[in-house]
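Asks: I have a structure here, written as C-alpha cells, and I will follow up with some questions on it.
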Amino acid sequence: MNEVHDMLQRMGELAVKGANGTLTSVDRDYIKMEVRQLMSEIDRIQSTTTFNEQKLLDGSFSNKGLQVGAESGQHIGITIRNMCTNDLIASALAKGIFFQTNNDSEVCNNIDNPNPSHAGYPQGVVAYWVPNKSTYAKQQYWDKSMVQPWGSPGHSHLLGAEDLTIFHSFSYSAITDENVKDKLTTDYMLGTTGGTEEALSEKTADVRYFQALNAFAKSAIFDVSEVRSDLGAIQNRLEHTISNLDNIIENTTAAESAVRDTDIATEMVRYANNNILAQAGQSMLAQANQSNQGALSLLQ
C-alpha cells in the first residue's frame with residue numbers, strides 16, 4: 001500500500017508537469033507513457049499481493065475473522081477493498097469532482113444551471129462542462145464547491161471517465177463496489193444508474209487530460225490513505241489484543257500452577273514442623289525409657 005501511495009504521489013507530480021504550457025505534445029506523450037506504466041504497476045500489485053495463498057488487494061479479502069479468543073465468535077473482522085486502478089477511477093468519478101481547465105473539447109457540453117444553453121454567458125452565471133457519453137457521477141453527487149461563475153479564469157469540468165482514458169481504460173461492469181456503481185451515470189438529464197466501457201485512447205495528451213489526472217490522483221491518494229488508516233487502526237487494535245492475551249495466559253498459568261504445583265514455602269514450613277514434632281516425640285520417649293531404667297536399678 002505504501003508503494004501504491006508513492007506511485008499516486010508521482011502521478012500528481014506528472015500531472016502538474018503535463019499541465020505546463022511550455023511543453024510540446026511530444027513531451028506530454030512521454031509523461032503519458034510513464035503514467036500508464038505506473039497505473040499498470042498498481043494493477044500488478046493489486047493482482048499479485050497475497051498472504052497464505054489469499055489475495056489481499058483484489059476485493060476478495062472481505063469479512064475475514066481473525067480469531068482472538070478461545071471461544072466461538074471471539075474474532076476481529078477485517079476487510080480490504082479492491083485497490084485496482086479501475087475501482088480507484090470509479091471512486092473518483094462517483095465523488096462528482098470538478099476541475100478547472102481552459103480547454104473546452106468536443107466531449108463537453110455547456111450547461112447553464114438549470115437550463116442547457118450554448119449562448120454567451122453573462123458575468124457571474126454559474127456554468128460548467130459535463131462530459132458527453134462518458135461515465136460520471138449522478139447530479140446529486142456533484143461537488144460544486146470547485147465550480148466558478150462564468151467569466152472567472154478557467155472552465156469547471158466535471159470529471160468523466162473519458163478524461164482519463166489516455167492513461168487507463170475504464171470498465172463500468174468491472175467495478176466491484178456496488179455502492180460506487182449506483183452513483184454513476186452517463187445521462188445528465190435522467191441521472192439513471194449506468195456507465196460505459198471505455199478503451200484506452202490514443203488521443204493527443206493535451207493540458208485538460210493532465211488537469212483531470214491531477215484531480216484523479218488527489219482522489220486516489222485519499223482512498224488509499226483511508227484504507228491504510230483502517231489497516232493501521234486494526235493493527236494497533238491487534239497489538240492491544242496481543243497484550244491482553246499475554247495477560248490472560250499469565251493469569252491462567254498462575255491459576256493452573258496454584259492447583260497443580262507444590263507451594264514450596266508452605267511445604268517447607270510443614271516439613272520443618274513435622275520434623276520438630278518427630279524429634280520432640282523421640283526425645284520424650286528417650287526420657288521415658290531413662291526413667292524406667294532408673295526404677296529398675298533401684299529394685300536391683
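Residues in the C-alpha cells are numbered from 1 in each chain, the chains being A, B, ... in the order shown, and ligands are numbered from 1 in the order shown.
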Would you list, as number ranges by chain, the residues of segment 52-85 of chain A that end up in strand (DSSP E or B) under DSSP run on this structure's backbone?

Replies: A: 54-55, 64-67, 75-78

Asks: As a VMD selection string, please: every residue in segment 68-251 of chain A that a backbone DSSP assignment puts in alpha helix (DSSP H).

Replies: chain A and resid 85 to 94 178 to 182 207 to 251

Asks: Would you mind exporting C-alpha atoms of the selected residues as a compact mmCIF listing (two decimals), in the first residue's frame?

Replies:
```txt
# COMPACT_ATOMS: atom_id res chain seq x y z
CA THR A 85 -6.92 1.32 -10.91
CA ASN A 86 -10.39 0.80 -12.39
CA ASP A 87 -12.01 0.96 -8.95
CA LEU A 88 -9.90 3.98 -7.96
CA ILE A 89 -11.08 5.75 -11.11
CA ALA A 90 -14.69 4.77 -10.41
CA SER A 91 -14.40 6.13 -6.87
CA ALA A 92 -13.08 9.45 -8.20
CA LEU A 93 -15.94 9.66 -10.71
CA ALA A 94 -18.55 8.87 -8.06
CA GLU A 178 -21.83 -1.72 -5.87
CA ASN A 179 -22.31 1.48 -3.89
CA VAL A 180 -19.95 3.27 -6.26
CA LYS A 181 -21.67 1.81 -9.32
CA ASP A 182 -25.04 3.13 -8.12
CA VAL A 207 -3.46 20.03 -20.94
CA ARG A 208 -7.04 19.08 -19.98
CA TYR A 209 -6.17 15.41 -19.58
CA PHE A 210 -3.37 16.21 -17.14
CA GLN A 211 -5.63 18.52 -15.16
CA ALA A 212 -8.09 15.63 -14.94
CA LEU A 213 -5.24 13.32 -13.91
CA ASN A 214 -4.41 15.72 -11.09
CA ALA A 215 -8.00 15.53 -9.83
CA PHE A 216 -7.92 11.72 -10.03
CA ALA A 217 -4.55 11.47 -8.23
CA LYS A 218 -5.84 13.52 -5.30
CA SER A 219 -8.95 11.35 -5.04
CA ALA A 220 -6.97 8.09 -5.28
CA ILE A 221 -4.46 9.26 -2.65
CA PHE A 222 -7.39 9.98 -0.32
CA ASP A 223 -8.85 6.50 -0.95
CA VAL A 224 -5.52 4.71 -0.39
CA SER A 225 -4.87 6.77 2.75
CA GLU A 226 -8.31 5.79 4.04
CA VAL A 227 -7.57 2.08 3.50
CA ARG A 228 -4.13 2.40 5.10
CA SER A 229 -5.72 4.23 8.04
CA ASP A 230 -8.24 1.42 8.54
CA LEU A 231 -5.49 -1.22 8.38
CA GLY A 232 -3.33 0.78 10.79
CA ALA A 233 -6.21 1.06 13.24
CA ILE A 234 -6.79 -2.69 13.09
CA GLN A 235 -3.06 -3.31 13.54
CA ASN A 236 -2.99 -1.10 16.66
CA ARG A 237 -6.06 -2.87 17.97
CA LEU A 238 -4.43 -6.26 17.43
CA GLU A 239 -1.35 -5.14 19.34
CA HIS A 240 -3.56 -4.34 22.34
CA THR A 241 -5.34 -7.65 21.81
CA ILE A 242 -1.99 -9.47 21.90
CA SER A 243 -1.04 -7.69 25.14
CA ASN A 244 -4.37 -8.62 26.67
CA LEU A 245 -3.98 -12.25 25.60
CA ASP A 246 -0.49 -12.30 27.14
CA ASN A 247 -2.06 -11.18 30.44
CA ILE A 248 -4.72 -13.87 30.15
CA ILE A 249 -2.04 -16.51 29.52
CA GLU A 250 -0.05 -15.32 32.54
CA ASN A 251 -3.09 -15.31 34.82
```

Asks: Which of these residues is nearest to Glu34 of chain A, using only C-alpha atoms: A:Ala127, A:Ile166, A:Ala199, A:Ala70?

Replies: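 Once distances to Glu34 of chain A are computed over only C-alpha atoms, the minimum belongs to A:Ile166.
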
Asks: Rank nothing, just name the residue among A:Ser173, A:Ser257, A:Ser134, A:Asn63 nearest to Thr79 of chain A, using only C-alpha atoms.

Replies: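 The closest residue to Thr79 of chain A is A:Asn63.
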
Asks: Which distance in Å separates atom CA of Ile31 of chain A and atom CA of Asp163 of chain A, to one decimal?

Replies: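 Interatomic distance here is 15.6 Å.
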
Asks: Can you work out the spacing between atom CA of Gly77 of chain A and atom CA of Glu41 of chain A in Å, to one decimal?

Replies: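 Computed distance, atom CA of Gly77 of chain A to atom CA of Glu41 of chain A, equals 28.8 Å.
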